[in-house]
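Please read the structure below before turning to the comments.
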Amino acid sequence: MELKDTVLGIELGSTRIKAVLVDRNFRPLVSSSFAWENQLVDGVWTYAMDQVYQGLRTCYADLKRQVQQRFGQTIRQVGAIGVSGMMHGYLPFDAQGNQLAQFRTWRNTMTEQAAEELTALFGFNIPQRWSIAHLYQAMLNGEPHVKEISFLTTLAGFLHWKLTGEKRMGVGEASGMFPIGRGSCAYDKEMVHKFDALAAEMGYSWTLEQILPQPVPAGTPAGILTPEGAALLDPSGNLQPGIPLAPCEGDAGTGMTATNAVRLGTGNVSAGTSDFAMLVTDCKMAVHREIDMVTTPAGIPVAMVHCNNCTSDINAWVSLFEEFAEAIGAPQEPGKLYTLLFRKALEGSPDGGGLVSCNFYSGEPVLGLNQGRPLVARSPDSRLNLGNFMRTHLLSALATLKIGLDILTQQEKVELTKLYAHGGFFKTPEVGQRILSAATGTPVAVMETAGEGGPYGMALLCGYLLWHRSGETLEDFLEDKVFSEAEARTVMAEQREIEGFAAFLARYRQALEIERTAVAVLLD
């Protein structure tokens, strides 16, 4: 194997840091991961930055060990490297590179005032999790560190900077920091001017051009691995500097890439800790607080429905069942237990048997919730059994996403004909697909490479950087070179399942009043 003909994709997701090495034929060779979790510290969802470094190095070391074991080679060079991460959030630094505030992730719902005011100022939806909302909220709060900001970035942008010294990022990732101008790969000039004027009135001397990363489209060189960056990733000294890096991207962009959903008219759903649907469309829409307008890694407009909560409550219940199995002397391997319980959901009634679950671990801006309280409720005549219980949780995981998608399909008339899916929710064959198909009323496909997820998508963007022809678009590169012979499993829900999801959703909407009461009554 010629390692210079491989590409390395790394993604820092919500629950795992993952890496995958991909060959010239776009086949995953080895992959590795490091488990981590966000923490609620002083009311802020965050990750400790020393854990970022620890997880990155541990993940890379395991991948390096596997390459040595399987191929008898030590990684010194690869063709290109790319870093992806959870989109949005807030990571500010001063001129000396010192971090000025704890990392505030996408999961926080503390920027409601800022998001509302900026949406009104721009005439463009600014969600609470966007970096510009966090910045403006810190300004409104009078936080002293804001005047010292020299660089504001995301988790992926931070690591790209540390590996290359370059303050650049992919346009898709940048579109979750600040709006991108229509038809361009740059921040919207009029909105930048409005914000700079606002900041000047508040006494700040910096401008957005000075503190935000430079957006660049996929296929653009975004720096090379420095000696410091190589040592950060591989402290052993084996990895050599000089390796080109693709523009870093967010998990939305890598998800679109990994599912070949970057062309106009395509769509995909990623479902894990959070879930989001991405519909690539050039339709001019009204401002909806539930809909984000971002871009593909090539800068094409995307309508995004992002929900903060998806599988966290499912994971908690599976852990409870795992503990019960151990208590009765029949311990279960977690992967097998997930498969068993997900399959059990297919035995449940299409509507969950009258049960209802609200899966809110954190706030849910799509529904106007600033905090969450996971809960399960039922009436005396509900049919409580394991199949209905598990199906209820799977239906709940996609309910908020369905509410957002209805705005696009019913109000904005965006056509939805087929979705590609990836993420942990779809790991058990057919089950997650069938639930999503029931929610949307469309076929849902999962590609054979979907299990590799975001890091695979990042690796494909590295491949595009190295191996695309002059003038070849990302859409054509993926369709003609990567996915031309790709296999996908497609599932279409039965009519009774579609009707069952609709019945559950009606009950779920009614239960939101219970959720709001729980937030008010069950205090932290």
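Labels for the structure tokens follow display order: chains A, B, ..., residues from 1 in each chain, ligands from 1.
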
**Message:** Can you tell me, as number ranges by chain, which residues in region 104-210 of chain A count as alpha helix (DSSP H) by DSSP?
**Reply:** A: 112-122, 131-140, 155-164, 171-174, 189-201, 208-210

Distance table requested - region 127-175 of chain A against region 52-76 of chain A, cut-off 12 Å, only C-alpha atoms: one row per qualifying residue with the closest atom pair and its distance in Å to one decimal, ordered by chain and rising residue number, as a tab-separated table.
residue	atom	partner	partner_atom	distance
A:Leu155	CA	A:Val52	CA	9.1
A:Ala156	CA	A:Val52	CA	10.8
A:Phe158	CA	A:Val52	CA	10.5
A:Leu159	CA	A:Val52	CA	9.1
A:Lys162	CA	A:Tyr53	CA	10.6
A:Leu163	CA	A:Tyr53	CA	11.6

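Interatomic distance, CA of Ser382 (chain A) to CA of Gly348 (chain A): 12.2 Å.
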
**Asked** Nearest to Cys307 (chain A): which of A:Pro179, A:Gly404, A:Pro380, A:Pro244 is it, counting only C-alpha atoms?
**Response** A:Gly404

Non-local contacts of region 387-396 of chain A (7 Å; only C-alpha atoms; under 6 positions in same chain excluded) as a tab-separated table (two decimals) with C-alpha atoms, in the first residue's frame:
chain	number	residue	atom	x	y	z
A	314	ILE	CA	-32.68	6.12	23.85
A	341	LEU	CA	-34.22	-3.43	21.33
A	342	PHE	CA	-34.38	-1.63	17.99
A	344	LYS	CA	-38.27	-5.08	19.13
A	345	ALA	CA	-39.60	-1.65	18.11
A	346	LEU	CA	-40.78	-3.14	14.80
A	347	GLU	CA	-43.08	-5.43	16.82
A	348	GLY	CA	-44.80	-2.46	18.45
A	349	SER	CA	-47.99	-0.79	17.28
A	352	GLY	CA	-46.49	3.27	19.89
A	353	GLY	CA	-49.60	1.84	21.53
A	355	LEU	CA	-47.48	5.88	24.85
A	356	VAL	CA	-45.70	9.20	24.44
A	357	SER	CA	-42.09	10.19	25.04
A	358	CYS	CA	-40.43	13.61	25.03
A	359	ASN	CA	-36.71	13.09	24.53
A	435	ILE	CA	-39.24	4.97	11.21
A	501	PHE	CA	-46.44	8.14	12.98

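Within the 7 Å cut-off around Gly89 (chain A), using only C-alpha atoms and omitting residues fewer than 5 positions from it on the same chain, the listed residues are A:Arg104, A:Thr105, A:Trp106, A:Arg129, A:Trp130, A:Ser131, A:Thr154.
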
C-alpha atoms of the current selection, written as a compact mmCIF listing (two decimals), in the first residue's frame:
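Output file out_21.txt is given in full below:
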# COMPACT_ATOMS: atom_id res chain seq x y z
CA ARG A 104 -19.79 26.75 24.23
CA THR A 105 -21.20 23.99 22.05
CA TRP A 106 -24.14 23.89 19.63
CA ARG A 129 -26.42 27.76 18.36
CA TRP A 130 -24.70 29.84 15.64
CA SER A 131 -21.36 31.38 16.53
CA THR A 154 -15.56 26.51 15.82

**Request:** Just give me the gap between CA of Asp42 (chain A) and CA of Val521 (chain A) in Å, one decimal is fine.
**Result:** 19.9 Å

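With only C-alpha atoms as the atoms that count, the residue of A:Leu478, A:Ile403, A:Ala486, A:Leu21 with the shortest distance to Val262 (chain A) is A:Leu478.
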
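We find CA of Ser84 (chain A) and CA of Thr153 (chain A) to be spaced 12.8 Å apart.
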
**Request:** Can you pull out every residue within 12 Å of Pro297 (chain A), counting only C-alpha atoms, but drop anything in the same chain fewer than 2 positions away, and send it as a ChimeraX atom specification?
**Result:** /A:84,169-176,180,185,215-220,246-258,260-263,280,294-295,299-302,457-458,460-462,464-465,473-475

Write to file, as a short mmCIF file (atom, residue, chain, number, x, y, z; two decimals), in the first residue's frame, the residues of the selection just made, with N, CA and C atoms.
data_model
loop_
_atom_site.label_atom_id
_atom_site.label_comp_id
_atom_site.auth_asym_id
_atom_site.auth_seq_id
_atom_site.Cartn_x
_atom_site.Cartn_y
_atom_site.Cartn_z
N SER A 84 -13.07 17.55 10.68
CA SER A 84 -14.46 17.97 10.79
C SER A 84 -14.87 17.98 12.25
N MET A 169 -11.55 27.97 6.81
CA MET A 169 -12.46 26.85 7.00
C MET A 169 -13.35 26.69 5.78
N GLY A 170 -13.91 25.49 5.63
CA GLY A 170 -14.81 25.23 4.53
C GLY A 170 -16.05 26.10 4.61
N VAL A 171 -16.57 26.45 3.46
CA VAL A 171 -17.71 27.38 3.43
C VAL A 171 -18.94 26.80 4.11
N GLY A 172 -19.11 25.48 4.06
CA GLY A 172 -20.24 24.88 4.76
C GLY A 172 -20.15 25.08 6.25
N GLU A 173 -18.95 24.89 6.82
CA GLU A 173 -18.75 25.13 8.25
C GLU A 173 -18.91 26.60 8.57
N ALA A 174 -18.37 27.46 7.71
CA ALA A 174 -18.47 28.91 7.94
C ALA A 174 -19.93 29.38 7.92
N SER A 175 -20.76 28.71 7.13
CA SER A 175 -22.17 29.12 7.03
C SER A 175 -22.93 28.88 8.32
N GLY A 176 -22.36 28.15 9.26
CA GLY A 176 -22.95 27.97 10.58
C GLY A 176 -22.38 28.93 11.60
N ILE A 180 -23.75 33.21 4.73
CA ILE A 180 -22.98 33.30 3.49
C ILE A 180 -23.83 34.02 2.44
N CYS A 185 -19.10 32.40 -1.92
CA CYS A 185 -18.51 31.58 -0.86
C CYS A 185 -17.88 32.49 0.18
N PRO A 215 -13.76 31.83 4.75
CA PRO A 215 -14.44 30.67 4.13
C PRO A 215 -13.81 30.33 2.77
N VAL A 216 -13.65 29.04 2.49
CA VAL A 216 -13.16 28.59 1.19
C VAL A 216 -13.97 27.37 0.76
N PRO A 217 -14.22 27.22 -0.54
CA PRO A 217 -15.00 26.07 -1.01
C PRO A 217 -14.19 24.79 -1.05
N ALA A 218 -14.87 23.66 -1.09
CA ALA A 218 -14.22 22.35 -1.21
C ALA A 218 -13.31 22.34 -2.43
N GLY A 219 -12.18 21.65 -2.31
CA GLY A 219 -11.22 21.56 -3.40
C GLY A 219 -10.15 22.63 -3.35
N THR A 220 -10.29 23.59 -2.45
CA THR A 220 -9.31 24.67 -2.32
C THR A 220 -8.26 24.28 -1.28
N ALA A 246 -7.29 19.64 3.59
CA ALA A 246 -8.50 20.15 2.96
C ALA A 246 -9.16 21.16 3.89
N PRO A 247 -10.02 22.04 3.36
CA PRO A 247 -10.76 22.95 4.24
C PRO A 247 -11.55 22.14 5.27
N CYS A 248 -11.46 22.53 6.54
CA CYS A 248 -12.22 21.81 7.57
C CYS A 248 -13.71 22.03 7.32
N GLU A 249 -14.51 21.08 7.75
CA GLU A 249 -15.95 21.17 7.55
C GLU A 249 -16.71 20.80 8.81
N GLY A 250 -17.98 21.11 8.82
CA GLY A 250 -18.84 20.71 9.92
C GLY A 250 -19.45 19.35 9.67
N ASP A 251 -20.08 18.80 10.71
CA ASP A 251 -20.67 17.47 10.56
C ASP A 251 -21.83 17.46 9.57
N ALA A 252 -22.47 18.60 9.36
CA ALA A 252 -23.53 18.64 8.34
C ALA A 252 -22.94 18.47 6.95
N GLY A 253 -21.85 19.18 6.67
CA GLY A 253 -21.22 19.10 5.36
C GLY A 253 -20.64 17.72 5.08
N THR A 254 -20.02 17.11 6.08
CA THR A 254 -19.46 15.77 5.86
C THR A 254 -20.56 14.74 5.72
N GLY A 255 -21.68 14.95 6.42
CA GLY A 255 -22.82 14.05 6.26
C GLY A 255 -23.39 14.11 4.85
N MET A 256 -23.53 15.32 4.31
CA MET A 256 -24.00 15.46 2.93
C MET A 256 -23.05 14.78 1.96
N THR A 257 -21.76 14.97 2.19
CA THR A 257 -20.75 14.38 1.30
C THR A 257 -20.77 12.86 1.38
N ALA A 258 -20.85 12.32 2.59
CA ALA A 258 -20.81 10.87 2.78
C ALA A 258 -22.02 10.17 2.20
N ASN A 260 -23.65 11.44 -0.61
CA ASN A 260 -23.81 11.93 -1.99
C ASN A 260 -25.06 12.80 -2.12
N ALA A 261 -25.25 13.71 -1.16
CA ALA A 261 -26.42 14.58 -1.15
C ALA A 261 -25.99 16.03 -1.18
N VAL A 262 -25.18 16.39 -2.20
CA VAL A 262 -24.69 17.76 -2.32
C VAL A 262 -25.22 18.45 -3.58
N ARG A 263 -25.97 17.74 -4.40
CA ARG A 263 -26.50 18.31 -5.63
C ARG A 263 -27.89 18.89 -5.38
N VAL A 280 -30.93 20.30 -0.26
CA VAL A 280 -30.20 21.22 -1.11
C VAL A 280 -31.19 21.86 -2.08
N VAL A 294 -27.94 27.20 5.31
CA VAL A 294 -26.50 27.02 5.31
C VAL A 294 -26.08 26.67 3.88
N THR A 295 -24.92 26.05 3.70
CA THR A 295 -24.48 25.67 2.36
C THR A 295 -23.84 24.30 2.37
N GLY A 299 -20.68 25.45 -1.43
CA GLY A 299 -21.33 26.75 -1.37
C GLY A 299 -22.74 26.81 -1.91
N ILE A 300 -23.36 25.66 -2.22
CA ILE A 300 -24.74 25.65 -2.73
C ILE A 300 -25.70 25.76 -1.54
N PRO A 301 -26.77 26.57 -1.64
CA PRO A 301 -27.67 26.76 -0.51
C PRO A 301 -28.35 25.47 -0.05
N VAL A 302 -28.52 25.37 1.26
CA VAL A 302 -29.15 24.20 1.88
C VAL A 302 -30.13 24.69 2.94
N GLY A 457 -16.94 11.17 5.11
CA GLY A 457 -17.24 12.34 4.28
C GLY A 457 -16.08 13.31 4.23
N MET A 458 -15.40 13.50 5.37
CA MET A 458 -14.24 14.39 5.39
C MET A 458 -13.11 13.83 4.54
N LEU A 460 -13.50 12.00 1.90
CA LEU A 460 -13.87 12.22 0.51
C LEU A 460 -13.57 13.65 0.08
N LEU A 461 -13.75 14.61 0.98
CA LEU A 461 -13.39 15.99 0.65
C LEU A 461 -11.88 16.14 0.48
N CYS A 462 -11.10 15.36 1.24
CA CYS A 462 -9.65 15.32 1.00
C CYS A 462 -9.35 14.74 -0.38
N TYR A 464 -11.29 14.84 -2.96
CA TYR A 464 -11.65 15.85 -3.95
C TYR A 464 -10.55 16.89 -4.11
N LEU A 465 -9.94 17.28 -2.99
CA LEU A 465 -8.82 18.23 -3.04
C LEU A 465 -7.68 17.70 -3.91
N THR A 473 -16.87 19.62 -10.64
CA THR A 473 -17.57 20.03 -9.43
C THR A 473 -17.54 18.92 -8.39
N LEU A 474 -17.77 19.29 -7.16
CA LEU A 474 -17.86 18.28 -6.09
C LEU A 474 -19.00 17.32 -6.38
N GLU A 475 -20.13 17.83 -6.89
CA GLU A 475 -21.27 16.97 -7.19
C GLU A 475 -20.90 15.90 -8.22
#

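Scanning region 280-454 of chain A with DSSP on the backbone, the strand (DSSP E or B) assignments fall on A:Val280, A:Asp292, A:Met293, A:Val294, A:Thr295, A:Pro301, A:Val302, A:Ala303, A:Met304, A:Val305, A:His306, A:Cys307, A:Val356, A:Ser357, A:Cys358, A:Glu364, A:Leu369, A:Leu375, A:Val376, A:Ala377, A:Leu419, A:Tyr420, A:Ala421, A:His422, A:Val444, A:Ala445, A:Val446, A:Met447.
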
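Using only C-alpha atoms, the nearest neighbour of Leu398 (chain A) within the list A:Tyr338, A:Tyr508, A:Phe124, A:Trp161 is A:Tyr508.
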
**Request:** Find the residue from A:Asp234, A:Gly85, A:Phe195, A:Ala298 that sits nearest to Glu117 (chain A); use only C-alpha atoms when measuring.
**Result:** A:Phe195

**Fill in**
Nearest to Pro127 (chain A), restricted to only C-alpha atoms and choosing among A:Ala330, A:Ala35, A:Val287, A:Leu466, comes out as A:Val287

**Request:** Name the residues in contact with Lys4 (chain A) at a cut-off of 12 Å, using only C-alpha atoms, excluding same-chain residues fewer than 6 positions from it; report them as a list of chain:residue names.
**Result:** A:Leu21, A:Val22, A:Asp23, A:Arg24, A:Ile75, A:Arg76, A:Gln77, A:Val78, A:Gly79, A:Ala80, A:Ile81, A:Gln240, A:Gly242, A:Ile243, A:Pro244, A:Gly463, A:Leu466

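If only C-alpha atoms are the atoms counted, then among A:Gln433, A:Thr119, A:Asn141, A:Thr207 the closest residue to Val491 (chain A) is A:Gln433.
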
**Prompt:** Hey, what's within 10 Å of Ala502 (chain A) if we count only C-alpha atoms and toss same-chain stuff fewer than 6 positions away? As a ChimeraX atom specification, please?
**Reply:** /A:350-351,395,399,402,438-440,496,508
